[in-house]
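The next block is upload-v2.cif, given as mmCIF, C-alpha atoms.
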data_protein
loop_
_atom_site.label_atom_id
_atom_site.label_comp_id
_atom_site.auth_asym_id
_atom_site.auth_seq_id
_atom_site.Cartn_x
_atom_site.Cartn_y
_atom_site.Cartn_z
CA MET A 11 118.55 72.55 96.05
CA VAL A 12 116.59 74.73 98.45
CA PRO A 13 114.71 73.26 101.43
CA VAL A 14 110.94 73.67 101.19
CA SER A 15 110.97 75.08 104.72
CA TYR A 16 112.84 78.18 103.46
CA TYR A 17 109.94 78.95 101.14
CA LEU A 18 107.49 78.37 103.99
CA VAL A 19 109.43 80.75 106.24
CA LEU A 20 109.38 83.39 103.48
CA SER A 21 105.62 82.97 103.15
CA GLY A 22 105.29 83.26 106.93
CA ILE A 23 107.29 86.51 106.91
CA LEU A 24 105.03 87.92 104.19
CA PHE A 25 101.92 86.91 106.12
CA ALA A 26 103.28 88.48 109.32
CA CYS A 27 104.05 91.71 107.44
CA GLY A 28 100.46 91.70 106.20
CA VAL A 29 99.06 91.24 109.70
CA LEU A 30 101.32 93.98 111.07
CA GLY A 31 100.21 96.35 108.30
CA PHE A 32 96.60 95.52 109.07
CA LEU A 33 97.18 96.47 112.72
CA ILE A 34 99.43 99.50 112.25
CA LYS A 35 98.17 101.32 109.16
CA ARG A 36 95.31 103.81 109.43
CA ASN A 37 94.59 104.33 105.72
CA ILE A 38 91.82 102.06 104.50
CA ILE A 39 93.49 101.50 101.08
CA THR A 40 96.78 100.50 102.71
CA ILE A 41 94.92 98.13 105.03
CA PHE A 42 93.39 96.56 101.94
CA MET A 43 96.84 96.19 100.39
CA SER A 44 98.01 94.41 103.57
CA ILE A 45 95.23 91.88 103.04
CA GLU A 46 96.52 91.29 99.50
CA LEU A 47 100.00 90.77 100.99
CA MET A 48 98.62 88.10 103.33
CA LEU A 49 96.92 86.34 100.39
CA ASN A 50 100.23 86.37 98.50
CA GLY A 51 102.03 84.79 101.45
CA VAL A 52 99.47 82.00 101.56
CA ASN A 53 99.83 81.51 97.79
CA LEU A 54 103.57 81.01 98.17
CA SER A 55 103.02 78.28 100.76
CA PHE A 56 100.52 76.58 98.40
CA VAL A 57 103.10 76.54 95.59
CA ALA A 58 105.85 75.36 97.97
CA PHE A 59 103.73 72.42 99.12
CA ALA A 60 102.84 71.63 95.50
CA ALA A 61 106.56 71.34 94.81
CA HIS A 62 107.08 69.27 97.96
CA TRP A 63 104.41 66.69 97.14
CA GLN A 64 105.09 66.87 93.38
CA LYS A 65 101.38 67.45 92.70
CA PHE A 66 99.72 70.19 90.69
CA SER A 67 96.61 70.56 92.86
CA GLY A 68 98.34 73.22 94.96
CA GLN A 69 98.97 75.33 91.88
CA VAL A 70 95.31 75.04 90.87
CA PHE A 71 94.36 76.25 94.36
CA VAL A 72 96.61 79.29 93.87
CA PHE A 73 94.58 80.01 90.74
CA PHE A 74 91.35 79.91 92.78
CA VAL A 75 92.83 82.14 95.49
CA MET A 76 93.79 84.65 92.80
CA VAL A 77 90.25 84.66 91.38
CA VAL A 78 88.77 85.23 94.85
CA ALA A 79 91.34 87.97 95.53
CA ALA A 80 90.47 89.75 92.28
CA ALA A 81 86.75 89.62 93.09
CA GLU A 82 87.47 90.80 96.63
CA ALA A 83 89.58 93.70 95.34
CA ALA A 84 86.81 94.83 92.98
CA VAL A 85 84.08 94.75 95.64
CA GLY A 86 86.34 96.13 98.40
CA LEU A 87 87.49 99.09 96.37
CA ALA A 88 83.87 99.83 95.42
CA ILE A 89 83.03 99.83 99.15
CA ILE A 90 85.99 102.17 99.79
CA ILE A 91 84.65 104.56 97.13
CA ALA A 92 81.17 104.43 98.72
CA VAL A 93 82.64 105.07 102.20
CA PHE A 94 84.69 107.99 100.92
CA ARG A 95 81.63 109.45 99.25
CA THR A 96 79.58 109.46 102.45
CA ARG A 97 82.29 110.12 105.09
CA GLU A 98 84.81 112.20 103.06
CA THR A 99 87.71 110.40 104.74
CA LEU A 100 89.99 107.40 104.25
CA ASN A 101 91.06 107.18 107.89
CA VAL A 102 89.59 104.12 109.57
CA ASP A 103 89.53 105.86 112.96
CA GLN A 104 87.00 108.35 111.65
CA VAL A 105 84.67 105.65 110.34
CA ASN A 106 83.37 104.75 113.81
CA LEU A 107 79.60 104.75 113.62
CA LEU A 108 79.41 101.24 115.09
CA LYS A 109 81.71 102.10 118.00
CA LEU A 110 80.22 102.52 121.46
CA MET B 17 123.72 76.78 94.29
CA LEU B 18 122.20 79.01 91.62
CA HIS B 19 118.78 78.06 92.94
CA LEU B 20 119.71 79.11 96.48
CA VAL B 21 121.23 82.41 95.30
CA LEU B 22 118.16 83.26 93.21
CA PHE B 23 115.87 82.31 96.10
CA LEU B 24 117.79 84.48 98.57
CA VAL B 25 118.06 87.50 96.24
CA PHE B 26 114.39 87.58 95.28
CA GLY B 27 113.26 86.62 98.78
CA ALA B 28 115.22 89.58 100.13
CA ILE B 29 113.63 91.88 97.52
CA CYS B 30 110.24 90.48 98.49
CA VAL B 31 110.70 91.08 102.23
CA ALA B 32 112.19 94.53 101.60
CA GLY B 33 109.13 95.46 99.52
CA ALA B 34 106.80 94.18 102.24
CA ILE B 35 108.60 96.19 104.94
CA ASN B 36 108.63 99.25 102.69
CA LEU B 37 104.85 98.85 102.31
CA LEU B 38 104.56 99.22 106.08
CA ALA B 39 107.07 102.06 106.32
CA GLN B 40 105.65 104.36 103.64
CA THR B 41 102.93 106.82 104.58
CA HIS B 42 101.68 107.69 101.12
CA PRO B 43 99.36 105.01 99.65
CA ILE B 44 100.85 105.24 96.16
CA SER B 45 104.32 104.34 97.55
CA SER B 46 102.76 101.38 99.36
CA ALA B 47 101.04 100.28 96.13
CA LEU B 48 104.30 100.42 94.17
CA SER B 49 106.16 98.40 96.83
CA LEU B 50 103.34 95.85 96.66
CA VAL B 51 104.03 95.58 92.90
CA VAL B 52 107.69 94.84 93.76
CA VAL B 53 106.59 92.12 96.19
CA MET B 54 104.31 90.51 93.62
CA ALA B 55 106.89 90.60 90.81
CA SER B 56 109.57 88.98 92.96
CA LEU B 57 107.03 86.41 94.15
CA ALA B 58 106.47 85.51 90.49
CA VAL B 59 110.20 84.68 90.24
CA GLU B 60 109.89 82.49 93.35
CA TYR B 61 106.99 80.66 91.69
CA LEU B 62 109.16 80.09 88.62
CA LEU B 63 111.88 78.62 90.85
CA LEU B 64 109.29 76.22 92.30
CA GLY B 65 108.24 75.12 88.80
CA ALA B 66 104.88 76.91 88.73
CA GLU B 67 105.22 78.53 85.31
CA PHE B 68 101.55 79.19 84.64
CA VAL B 69 100.99 80.55 88.16
CA ALA B 70 103.97 82.90 87.75
CA ALA B 71 102.55 84.28 84.49
CA VAL B 72 99.09 84.70 86.03
CA GLN B 73 100.67 86.37 89.06
CA VAL B 74 102.29 89.02 86.86
CA ILE B 75 99.24 89.53 84.64
CA VAL B 76 96.41 89.40 87.18
CA TYR B 77 98.03 90.57 90.43
CA ALA B 78 100.83 92.91 89.41
CA GLY B 79 98.80 94.02 86.40
CA ALA B 80 95.05 94.11 86.88
CA VAL B 81 94.58 94.24 90.66
CA MET B 82 97.32 96.81 91.24
CA VAL B 83 96.04 98.99 88.39
CA LEU B 84 92.68 98.92 90.18
CA PHE B 85 94.37 100.01 93.44
CA VAL B 86 96.35 102.83 91.78
CA PHE B 87 93.22 103.94 89.93
CA VAL B 88 91.22 104.18 93.18
CA ILE B 89 94.06 106.07 94.92
CA MET B 90 94.07 108.51 92.00
CA LEU B 91 90.27 108.77 91.94
CA LEU B 92 89.98 109.53 95.67
CA ASN B 93 93.01 111.86 95.60
CA ALA B 94 94.42 110.05 98.64
CA GLY B 95 97.15 112.02 100.37
CA ALA B 96 99.66 111.01 103.01
CA GLU B 97 98.34 109.01 105.92
CA GLU B 98 97.21 110.88 109.02
CA ARG B 99 98.67 109.44 112.20
CA THR B 100 95.81 109.02 114.60
CA LYS B 101 95.60 106.97 117.73
CA GLY B 102 94.29 103.56 116.86
CA SER B 103 93.16 100.85 119.20
CA HIS B 104 95.78 100.41 121.93
CA VAL B 105 94.61 96.89 122.66
CA ALA B 106 95.15 95.82 119.06
CA LEU B 107 98.66 97.27 119.01
CA ALA B 108 99.70 96.09 122.48
CA LEU B 109 98.41 92.55 122.05
CA GLY B 110 98.55 92.12 118.27
CA VAL B 111 102.10 93.14 117.38
CA PRO B 112 103.91 91.05 120.05
CA SER B 113 101.72 88.02 119.40
CA VAL B 114 102.29 88.25 115.64
CA LEU B 115 106.05 88.44 116.20
CA ALA B 116 106.00 85.57 118.71
CA GLY B 117 103.83 83.41 116.46
CA GLY B 118 106.02 84.15 113.44
CA LEU B 119 109.20 83.26 115.33
CA LEU B 120 107.62 80.06 116.65
CA VAL B 121 106.50 79.00 113.16
CA ALA B 122 109.90 79.83 111.66
CA TRP B 123 111.77 77.93 114.39
CA THR B 124 109.48 74.92 113.99
CA LEU B 125 109.88 74.90 110.23
CA LEU B 126 113.64 75.33 110.24
CA LYS B 127 114.59 73.07 113.15
CA ARG B 128 111.82 70.56 113.69
CA SER B 129 110.43 69.73 110.26
CA ASP B 130 111.72 67.15 107.84
CA THR B 131 110.37 68.65 104.63
CA GLY B 132 112.80 67.75 101.91
CA THR B 133 114.52 69.94 99.40
CA VAL B 134 113.13 70.98 96.05
CA ALA B 135 115.31 70.80 92.94
CA LEU B 136 115.17 73.30 90.11
CA GLY B 137 112.98 72.00 87.28
CA SER B 138 111.57 68.99 89.12
CA LEU B 139 107.99 70.07 88.39
CA HIS B 140 106.57 71.75 85.31
CA GLY B 141 103.28 73.51 85.93
CA ASP B 142 102.75 74.44 82.30
CA PRO B 143 99.32 75.66 81.09
CA LYS B 144 98.43 72.27 79.58
CA THR B 145 98.82 70.41 82.88
CA ILE B 146 97.00 73.07 84.88
CA ALA B 147 94.19 73.27 82.32
CA SER B 148 93.61 69.51 82.26
CA LEU B 149 93.32 69.54 86.07
CA LEU B 150 91.14 72.62 86.02
CA PHE B 151 88.69 71.28 83.46
CA HIS B 152 88.47 67.71 84.75
CA GLU B 153 89.02 67.37 88.50
CA PHE B 154 88.23 70.95 89.46
CA LEU B 155 85.45 71.67 86.95
CA LEU B 156 82.74 72.41 89.53
CA PRO B 157 84.87 74.83 91.62
CA PHE B 158 85.95 76.50 88.38
CA GLU B 159 82.35 77.11 87.33
CA ILE B 160 81.46 78.33 90.83
CA THR B 161 84.31 80.85 90.74
CA SER B 162 83.04 82.11 87.38
CA ILE B 163 79.67 82.82 89.03
CA LEU B 164 81.52 84.46 91.94
CA VAL B 165 83.35 86.81 89.56
CA LEU B 166 80.08 87.66 87.81
CA ILE B 167 78.45 88.54 91.16
CA ALA B 168 81.54 90.57 92.14
CA ILE B 169 81.33 92.60 88.92
CA MET B 170 77.65 93.37 89.48
CA GLY B 171 78.28 94.18 93.14
CA ALA B 172 81.12 96.56 92.29
CA VAL B 173 78.96 98.36 89.73
CA VAL B 174 76.04 98.69 92.17
CA LEU B 175 78.23 99.81 95.08
CA ALA B 176 80.26 102.35 93.15
CA SER B 177 77.38 103.83 91.14
CA ARG B 178 75.88 107.10 92.28
CA PRO B 179 72.12 106.82 92.65
CA ASP B 180 71.58 110.55 92.14
CA LEU B 181 73.07 110.50 88.65
CA LYS B 182 70.84 109.56 85.73
CA PRO B 183 72.24 107.03 83.26
CA PRO B 184 73.33 108.55 79.96
CA GLY B 185 70.57 108.38 77.37
CA GLY B 186 67.96 107.82 80.05
CA LYS B 187 64.65 109.61 79.85
CA GLU B 188 64.35 112.86 81.73
CA SER B 189 61.48 112.76 84.14
#
Spit out the file's structure as structure tokens when you get a sec.
Amino acid sequence: MVPVSYYLVLSGILFACGVLGFLIKRNIITIFMSIELMLNGVNLSFVAFAAHWQKFSGQVFVFFVMVVAAAEAAVGLAIIIAVFRTRETLNVDQVNLLKL
Amino acid sequence: MLHLVLFLVFGAICVAGAINLLAQTHPISSALSLVVVMASLAVEYLLLGAEFVAAVQVIVYAGAVMVLFVFVIMLLNAGAEERTKGSHVALALGVPSVLAGGLLVAWTLLKRSDTGTVALGSLHGDPKTIASLLFHEFLLPFEITSILVLIAIMGAVVLASRPDLKPPGGKES
């Protein structure tokens, strides 16, 4: 018997790690991986609440989040390839055309 | 007891992989630690009775999405990360507020919530159950996500294609 709140705390830790990676990392691919980490943390809380309420709708929502994440990964990595082709860099600090 | 031990072991592996993702400078090391995180999350899903979700997590996330990441890292020949000065405001405000928010949420969940406990094997999210939900109650969202994936495929092809290259077999002009 494990309290549901333990799972929620684990998902919170994963989400916080994702946010920290988003803020700290400078490589655009690693920043993208931090976003995937955040999505995984949210998925864990969906599954934990599905177990708490004894309903399967939460697990179906995890399925939808995974589909959106896969689509996002495909488009995002294509954008990264396009950025690398024009700017010749993966460092987000050097992609600053919109900066004043 | 076994449930708690399994939860703690794989939760620790999960958090260690997430911290290693932040600590590594080379993107391929970060990608491999993300695979560790996703695989141990699949075990956590199994403990919560989400069997189908655990299988999809391993196949789609740890398999397909991470292969895509590793392939792009290989394609762009990404080396170790350069340390450049980022936004000071984001670091000075973001990191403390993330830590404070995380601690507040954890304290609230552990001390002030009355969510019950979950027993091993109290819920069986097998493919039959998930499929009957997916094709009856959630049929419209399911069809919309299929259109979303189709658009994502076309968008990825358009974004990643090089306009200066002629398609193979195309007429020379």
**Request:** Apply the PyMOL selection byres ((chain A) within 8 of (chain B)) to the structure shown and report the selected residues as a ChimeraX atom specification.
**Result:** /A:11-16,18-20,22-24,26-31,33-37,39-40,43,47,50,54,57-58,61-62,64,66-67,69-70,72-74,76-78,80-85,87-89,91-92,94,100-101,103
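Taking atom CA of B:Pro179 and atom CA of A:Ile38 as endpoints, the distance between them is 23.5 Å.
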**Request:** Grab the atom CA of B:Ile29 to atom CA of B:Ser56 distance for me, in Å with one decimal place.
**Result:**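 It comes out at 6.8 Å.
Atom pair atom CA of A:Thr99 / atom CA of B:Ser49 has a distance of 23.4 Å (rounded to one decimal).
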**Request:** Can you pull out every residue within 7 Å of A:Val52, counting all atoms listed in the file, but drop anything in the same chain fewer than 4 positions away, and send it as a list in words?
**Result:**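 My list of contacting residues is Ser21, Met48 and Phe56 of chain A.
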Restricting it to C-alpha atoms, dump the selection as an mmCIF file, keeping the file's coordinate frame.
data_model
loop_
_atom_site.group_PDB
_atom_site.id
_atom_site.type_symbol
_atom_site.label_atom_id
_atom_site.label_comp_id
_atom_site.auth_asym_id
_atom_site.auth_seq_id
_atom_site.Cartn_x
_atom_site.Cartn_y
_atom_site.Cartn_z
ATOM 1 C CA SER A 21 105.620 82.970 103.150
ATOM 2 C CA MET A 48 98.620 88.100 103.330
ATOM 3 C CA PHE A 56 100.520 76.580 98.400
#
